[in-house]
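Encoded as structure tokens, the structure appears first; notes follow it.
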Amino acid sequence: MSDYKDYLAKDFLTSPELRPTRDGFGTGLVKLGHMDENVVVICADLTDSTRSAAFAKEFPERFIEVGVAEQNMMGIAAGMALSGKVPFISSYAVFNPGRNWDQLRVSVAYSKANVKIAGAHAGISVGPDGATHQALEDMAIVRVLPNMTVIAPCDWVECEKATIAVGKMYGPAYVRFGRENVATVTTDRTPFEIGKAEVYREGKDVTVIACGIMVFEALKAAEEISKDGIELEVINCHTIKPLDVKTIVESAKKTGKVVTAEEHQINGALGSAVAEALSENCPVPMARVGVLDTFGESGKPDELMDAYLLRSKDIIRKVKSLIK
Amino acid sequence: MTVQELELTANTVRQDIIKMLVEAGSGHSAGPLGSADIFTTLYFAEMDVDPKDPRKEDRDRFVLSCGHYCPVWYATMASRGFFPREELMTLRKFGTRLQGHPHNMALPGVENSSGPLGQGLSQAIGMAMTARMDKKKWRTYCMISDGEHDEGQIWEAIMFAGKERLDNLVSIIDRNNIQIDGDTEDVMPLEPLGDKYKAFGWHVIDINGNDIGALMEAYKEADSVRQMPSVIIAHTTPGMGVEFMEDDFKWHGMPPNKEQAKEALHELRTLRGRIRAEHE
């Protein structure tokens, strides 16, 4: 473990703290609520599972329940933002921003309304609910909108930081996070800044750029493949937009090969953003890990992560394809 | 302003709409002409707004949900002094602050962006929620078209405002019975519209929306309602003031050509032949 930055969690590969990323949204909201009295939270009938419940309990006068009406939720948030509030709206990512994308586009992004969109239960790891509830397109559809910031935190600690950070910035932002228990990689000491990718492990052979829970898989891949004498540089690119082109290009120049990894469709999000940045600034051989342009299905999160090739071994396979 | 002064102002607004549309070469005629009395009464008599300080903190808010009505919004704001009237001729042109559908970032006094129908009422509700949360006295007014009620989001919003008993919110429906494909009752029947609102917990005021006096009374009634949002169903004549446009859905999304504009302006300036004087 000596090659990892020492600000990461102790023994996160061997005995990690397991906790859902969404927990950080809940704890972050409460902290933010104490810092800024203009923060309000709006939820569409999923208060517990999005972890908005803690805020609702602490600040009932600043919590709004809209029922199962995500389009109205986005519009109300826009109106509140345009009159000085800092609204966070939460639902599952398939509905928010899936169901209410037009409202996001016009009422929020075009209007530069200071709305924070929280997409819960993102990714295939939501499991048994099946394809309808597995948000694998959310980052792509938000990334293309002007004025948007898009963040996929890697664990609950980073999700808390991201929640607080988007609350403090001015402008519309999207944060996506998952339902299941996952390894906690970061700590209070780990740096987090919107738009700044962090190199968690330095290496000379291949760069792996990951976001969300794939950061853990990438770090695991680095550990495993180092036994073969291959040293991966692992970057947590939690902010998909604005992309930290500088850090990515610097690393690509150093290693000359880049693999991306995300729990999302392989098209349109992190892998695409990195490919766009590198093709214009530093073209190098690249490979992408993600869901292969297909819908998911029911299953246990672990089964699905295996079946849809979202594991450290899948990252290693792509790394080796570049080295050959 | 007296009722007569408001009528004359609405007439000026209508003339400006015709001039803007013919200059722009595209845009919507019927709704803006039909709702000129609503906009004039709101901006010259009912709402607390300051054209010299359009972002005044405690101003009343106006949200346009049916963004394609913006010619009447712009013309009214120009008459009220928010920006020079000459600028009206830049409507829809490159570099203009008067975008083809309204944009809050483009023009001070425009509170929201709209165009895709059905979004404005939710935005207005958000503003009304802010005012209530902050215990502010300012009120929120929202203009919705009737055809816009085909959108599901409008009903989500109506349900929510009823639940929240938002008595600082007034919604005004331009009930002109037309939409692009024809009569609203043929395209997608809305009636009994007032009863639907009542069932959702709203206070319903049904009036002739081209009657300045009736509009003023309706605002007063809405202001006095407690524990319920109010909706003013304003029955208007689409294309009001220009005979060949009135009640004809073909004018929904069409501007007049130069000849038609001349005829329309003549009709408006002479108040349909009631007065003789006509000048540019």
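Letters A, B, ... go to the chains of the structure tokens in the order shown; residues in each chain start at 1; ligands are counted from 1 in the same order.
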*Using only C-alpha atoms, which chain B residues lie at most 10 Å away from chain A, written as an MDAnalysis selection string?*
chainID B and resid 57 61 63 103:106 111:116 118:131 133:134 152:161 163:164
_strand (DSSP E) positions in range 150-272 of chain A, given as a VMD selection string_ = chain A and resid 150 to 151 173 to 176 181 to 183 198 to 201 206 to 210 232 to 236 239 to 241 258 to 265
Please write the residues from the selection above to a file, keeping N, CA and C atoms, as a compact mmCIF listing (two decimals), in the first residue's frame.
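In the end it all went to selection30.txt:
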```
# COMPACT_ATOMS: atom_id res chain seq x y z
N VAL A 150 -20.84 18.58 -13.13
CA VAL A 150 -21.23 17.18 -12.94
C VAL A 150 -20.20 16.46 -12.07
N ILE A 151 -20.67 15.88 -10.97
CA ILE A 151 -19.75 15.24 -10.02
C ILE A 151 -20.23 13.83 -9.66
N ALA A 173 -25.64 22.37 -10.45
CA ALA A 173 -24.69 21.27 -10.35
C ALA A 173 -25.44 19.96 -10.16
N TYR A 174 -24.84 18.90 -10.69
CA TYR A 174 -25.41 17.56 -10.55
C TYR A 174 -24.44 16.67 -9.78
N VAL A 175 -24.94 16.00 -8.75
CA VAL A 175 -24.14 15.03 -8.01
C VAL A 175 -24.86 13.69 -8.08
N ARG A 176 -24.13 12.64 -8.49
CA ARG A 176 -24.76 11.30 -8.57
C ARG A 176 -24.06 10.36 -7.58
N ASN A 181 -23.63 -0.53 -0.15
CA ASN A 181 -22.40 -0.43 0.62
C ASN A 181 -21.20 -0.57 -0.30
N VAL A 182 -20.30 0.38 -0.22
CA VAL A 182 -19.06 0.27 -1.01
C VAL A 182 -17.87 0.66 -0.13
N ALA A 183 -16.68 0.32 -0.59
CA ALA A 183 -15.47 0.61 0.19
C ALA A 183 -15.25 2.11 0.31
N GLU A 198 -7.66 14.21 -8.74
CA GLU A 198 -6.59 13.92 -7.79
C GLU A 198 -5.87 12.62 -8.17
N VAL A 199 -4.55 12.69 -8.18
CA VAL A 199 -3.75 11.49 -8.43
C VAL A 199 -3.61 10.74 -7.11
N TYR A 200 -4.27 9.60 -7.00
CA TYR A 200 -4.26 8.84 -5.74
C TYR A 200 -3.07 7.88 -5.67
N ARG A 201 -2.55 7.52 -6.84
CA ARG A 201 -1.39 6.65 -6.86
C ARG A 201 -0.58 7.03 -8.08
N VAL A 206 0.74 3.07 -17.17
CA VAL A 206 -0.58 3.36 -17.74
C VAL A 206 -1.35 4.22 -16.73
N THR A 207 -2.10 5.20 -17.25
CA THR A 207 -2.96 6.02 -16.38
C THR A 207 -4.37 5.43 -16.38
N VAL A 208 -4.94 5.26 -15.19
CA VAL A 208 -6.35 4.88 -15.10
C VAL A 208 -7.11 6.04 -14.49
N ILE A 209 -8.08 6.53 -15.23
CA ILE A 209 -8.89 7.67 -14.76
C ILE A 209 -10.28 7.13 -14.45
N ALA A 210 -10.70 7.29 -13.21
CA ALA A 210 -11.97 6.70 -12.78
C ALA A 210 -12.81 7.72 -12.03
N LEU A 232 0.49 1.39 -12.37
CA LEU A 232 -0.60 2.25 -12.83
C LEU A 232 -0.59 3.58 -12.09
N GLU A 233 -0.90 4.62 -12.82
CA GLU A 233 -1.19 5.91 -12.18
C GLU A 233 -2.71 6.00 -12.09
N VAL A 234 -3.22 6.17 -10.88
CA VAL A 234 -4.68 6.18 -10.70
C VAL A 234 -5.17 7.58 -10.34
N ILE A 235 -6.11 8.05 -11.13
CA ILE A 235 -6.65 9.40 -10.92
C ILE A 235 -8.13 9.30 -10.58
N ASN A 236 -8.52 9.96 -9.48
CA ASN A 236 -9.94 10.10 -9.18
C ASN A 236 -10.44 11.36 -9.87
N THR A 239 -14.97 15.07 -10.84
CA THR A 239 -15.72 16.08 -11.58
C THR A 239 -15.62 15.78 -13.08
N ILE A 240 -16.73 15.38 -13.65
CA ILE A 240 -16.77 15.07 -15.09
C ILE A 240 -16.81 16.37 -15.87
N LYS A 241 -17.43 17.38 -15.28
CA LYS A 241 -17.51 18.69 -15.92
C LYS A 241 -17.54 19.76 -14.85
N VAL A 258 -3.91 5.52 -21.59
CA VAL A 258 -4.96 5.89 -20.64
C VAL A 258 -6.14 4.92 -20.72
N VAL A 259 -6.60 4.50 -19.55
CA VAL A 259 -7.83 3.71 -19.44
C VAL A 259 -8.80 4.50 -18.57
N THR A 260 -10.05 4.58 -18.98
CA THR A 260 -11.07 5.21 -18.14
C THR A 260 -11.98 4.14 -17.55
N ALA A 261 -12.59 4.45 -16.41
CA ALA A 261 -13.47 3.49 -15.76
C ALA A 261 -14.61 4.21 -15.07
N GLU A 262 -15.84 3.82 -15.40
CA GLU A 262 -17.01 4.47 -14.81
C GLU A 262 -18.19 3.49 -14.77
N GLU A 263 -19.05 3.69 -13.78
CA GLU A 263 -20.25 2.87 -13.66
C GLU A 263 -21.37 3.60 -14.40
N HIS A 264 -21.31 3.56 -15.71
CA HIS A 264 -22.17 4.38 -16.58
C HIS A 264 -22.04 3.81 -17.97
N GLN A 265 -22.95 4.18 -18.87
CA GLN A 265 -22.77 3.79 -20.26
C GLN A 265 -21.37 4.22 -20.71
```
*Can you pull out every residue within 8 Å of range 8-18 of chain B, counting only C-alpha atoms, but drop anything in the same chain fewer than 2 positions away, and send it as a PyMOL selection string?*
chain B and resi 4-6+20-22+29+32-33+36-37+40+71-72+75-76+79+88+241+255-256+261+264-265+268-269
Selected residues written out with N, CA and C atoms, as an mmCIF file, in the first residue's frame:
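Contents of part_31.cif, freshly written:
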```
data_model
loop_
_atom_site.group_PDB
_atom_site.id
_atom_site.type_symbol
_atom_site.label_atom_id
_atom_site.label_comp_id
_atom_site.auth_asym_id
_atom_site.auth_seq_id
_atom_site.Cartn_x
_atom_site.Cartn_y
_atom_site.Cartn_z
ATOM 1 N N GLN B 4 -59.920 54.081 -18.364
ATOM 2 C CA GLN B 4 -59.746 54.586 -19.729
ATOM 3 C C GLN B 4 -58.267 54.696 -20.096
ATOM 4 N N GLU B 5 -57.471 55.172 -19.149
ATOM 5 C CA GLU B 5 -56.025 55.273 -19.412
ATOM 6 C C GLU B 5 -55.409 53.893 -19.633
ATOM 7 N N LEU B 6 -55.870 52.941 -18.850
ATOM 8 C CA LEU B 6 -55.364 51.567 -19.022
ATOM 9 C C LEU B 6 -55.758 51.008 -20.383
ATOM 10 N N MET B 20 -43.755 45.115 -33.935
ATOM 11 C CA MET B 20 -42.654 44.190 -33.625
ATOM 12 C C MET B 20 -42.714 42.943 -34.502
ATOM 13 N N LEU B 21 -43.920 42.413 -34.613
ATOM 14 C CA LEU B 21 -44.061 41.136 -35.322
ATOM 15 C C LEU B 21 -43.788 41.300 -36.811
ATOM 16 N N VAL B 22 -44.255 42.385 -37.383
ATOM 17 C CA VAL B 22 -44.028 42.575 -38.809
ATOM 18 C C VAL B 22 -42.544 42.820 -39.067
ATOM 19 N N SER B 29 -49.063 36.032 -32.939
ATOM 20 C CA SER B 29 -49.930 37.215 -32.958
ATOM 21 C C SER B 29 -51.115 37.109 -31.998
ATOM 22 N N PRO B 32 -50.655 37.165 -27.787
ATOM 23 C CA PRO B 32 -50.184 38.469 -27.297
ATOM 24 C C PRO B 32 -51.237 39.570 -27.446
ATOM 25 N N LEU B 33 -51.902 39.649 -28.587
ATOM 26 C CA LEU B 33 -52.937 40.687 -28.750
ATOM 27 C C LEU B 33 -54.081 40.459 -27.774
ATOM 28 N N ALA B 36 -53.238 41.524 -24.042
ATOM 29 C CA ALA B 36 -52.657 42.849 -23.776
ATOM 30 C C ALA B 36 -53.320 43.531 -22.574
ATOM 31 N N ASP B 37 -54.607 43.283 -22.384
ATOM 32 C CA ASP B 37 -55.300 43.918 -21.245
ATOM 33 C C ASP B 37 -54.822 43.326 -19.920
ATOM 34 N N THR B 40 -51.256 44.754 -19.323
ATOM 35 C CA THR B 40 -51.306 46.187 -18.998
ATOM 36 C C THR B 40 -51.797 46.408 -17.568
ATOM 37 N N PRO B 71 -43.934 38.760 -26.995
ATOM 38 C CA PRO B 71 -44.094 40.095 -27.582
ATOM 39 C C PRO B 71 -44.941 41.028 -26.707
ATOM 40 N N VAL B 72 -46.004 40.510 -26.119
ATOM 41 C CA VAL B 72 -46.852 41.374 -25.281
ATOM 42 C C VAL B 72 -46.133 41.731 -23.971
ATOM 43 N N ALA B 75 -43.563 44.408 -24.984
ATOM 44 C CA ALA B 75 -44.224 45.678 -25.326
ATOM 45 C C ALA B 75 -44.743 46.371 -24.064
ATOM 46 N N THR B 76 -45.283 45.583 -23.141
ATOM 47 C CA THR B 76 -45.784 46.157 -21.895
ATOM 48 C C THR B 76 -44.636 46.712 -21.056
ATOM 49 N N SER B 79 -43.430 49.965 -22.504
ATOM 50 C CA SER B 79 -44.354 51.052 -22.184
ATOM 51 C C SER B 79 -44.209 51.489 -20.729
ATOM 52 N N LEU B 88 -37.872 47.523 -29.070
ATOM 53 C CA LEU B 88 -38.872 46.508 -29.430
ATOM 54 C C LEU B 88 -38.653 45.998 -30.855
ATOM 55 N N GLY B 241 -58.663 43.170 -31.049
ATOM 56 C CA GLY B 241 -58.328 44.515 -31.520
ATOM 57 C C GLY B 241 -58.093 44.573 -33.015
ATOM 58 N N PRO B 255 -47.059 35.918 -37.881
ATOM 59 C CA PRO B 255 -47.022 37.387 -37.814
ATOM 60 C C PRO B 255 -47.786 37.957 -39.008
ATOM 61 N N PRO B 256 -48.233 39.205 -38.922
ATOM 62 C CA PRO B 256 -48.860 39.825 -40.091
ATOM 63 C C PRO B 256 -47.795 40.206 -41.124
ATOM 64 N N ALA B 261 -50.341 44.367 -41.531
ATOM 65 C CA ALA B 261 -49.935 45.191 -40.386
ATOM 66 C C ALA B 261 -50.510 46.598 -40.524
ATOM 67 N N ALA B 264 -54.079 46.443 -39.666
ATOM 68 C CA ALA B 264 -54.243 46.231 -38.222
ATOM 69 C C ALA B 264 -53.971 47.520 -37.451
ATOM 70 N N LEU B 265 -52.914 48.211 -37.819
ATOM 71 C CA LEU B 265 -52.572 49.444 -37.108
ATOM 72 C C LEU B 265 -53.638 50.518 -37.321
ATOM 73 N N LEU B 268 -56.447 49.717 -35.009
ATOM 74 C CA LEU B 268 -56.129 49.996 -33.607
ATOM 75 C C LEU B 268 -56.079 51.509 -33.348
ATOM 76 N N ARG B 269 -55.482 52.261 -34.281
ATOM 77 C CA ARG B 269 -55.313 53.707 -34.064
ATOM 78 C C ARG B 269 -56.644 54.449 -34.090
#
```
*Find the distance between CA of Gly239 in chain B and CA of Gly147 in chain B and write it in Å to one decimal.*
15.7 Å
*What lies within 9 Å of Glu267 in chain B using only C-alpha atoms, ignoring chain neighbours under 6 positions off, as an NGL selection string?*
:B and (241-243 or 273)
Can you write just those residues out, C-alpha atoms, as a PDB file, in the first residue's frame?
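again.pdb, written as the output of this step:
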```
ATOM      1  CA  GLY B 241     -58.328  44.515 -31.520  1.00  0.00           C
ATOM      2  CA  VAL B 242     -57.606  43.334 -35.046  1.00  0.00           C
ATOM      3  CA  GLU B 243     -60.775  42.072 -36.635  1.00  0.00           C
ATOM      4  CA  GLY B 273     -63.407  53.744 -36.778  1.00  0.00           C
TER       5      GLY B 273
END
```
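Take CA of Leu13 in chain A and CA of Asp205 in chain A: the distance between them is 21.2 Å.
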_Could you check the closest approach to Pro128 in chain A for each of A:Arg179, A:Tyr7, A:Thr186, A:Lys313 and tell me which residue wins, using only C-alpha atoms?_
A:Arg179
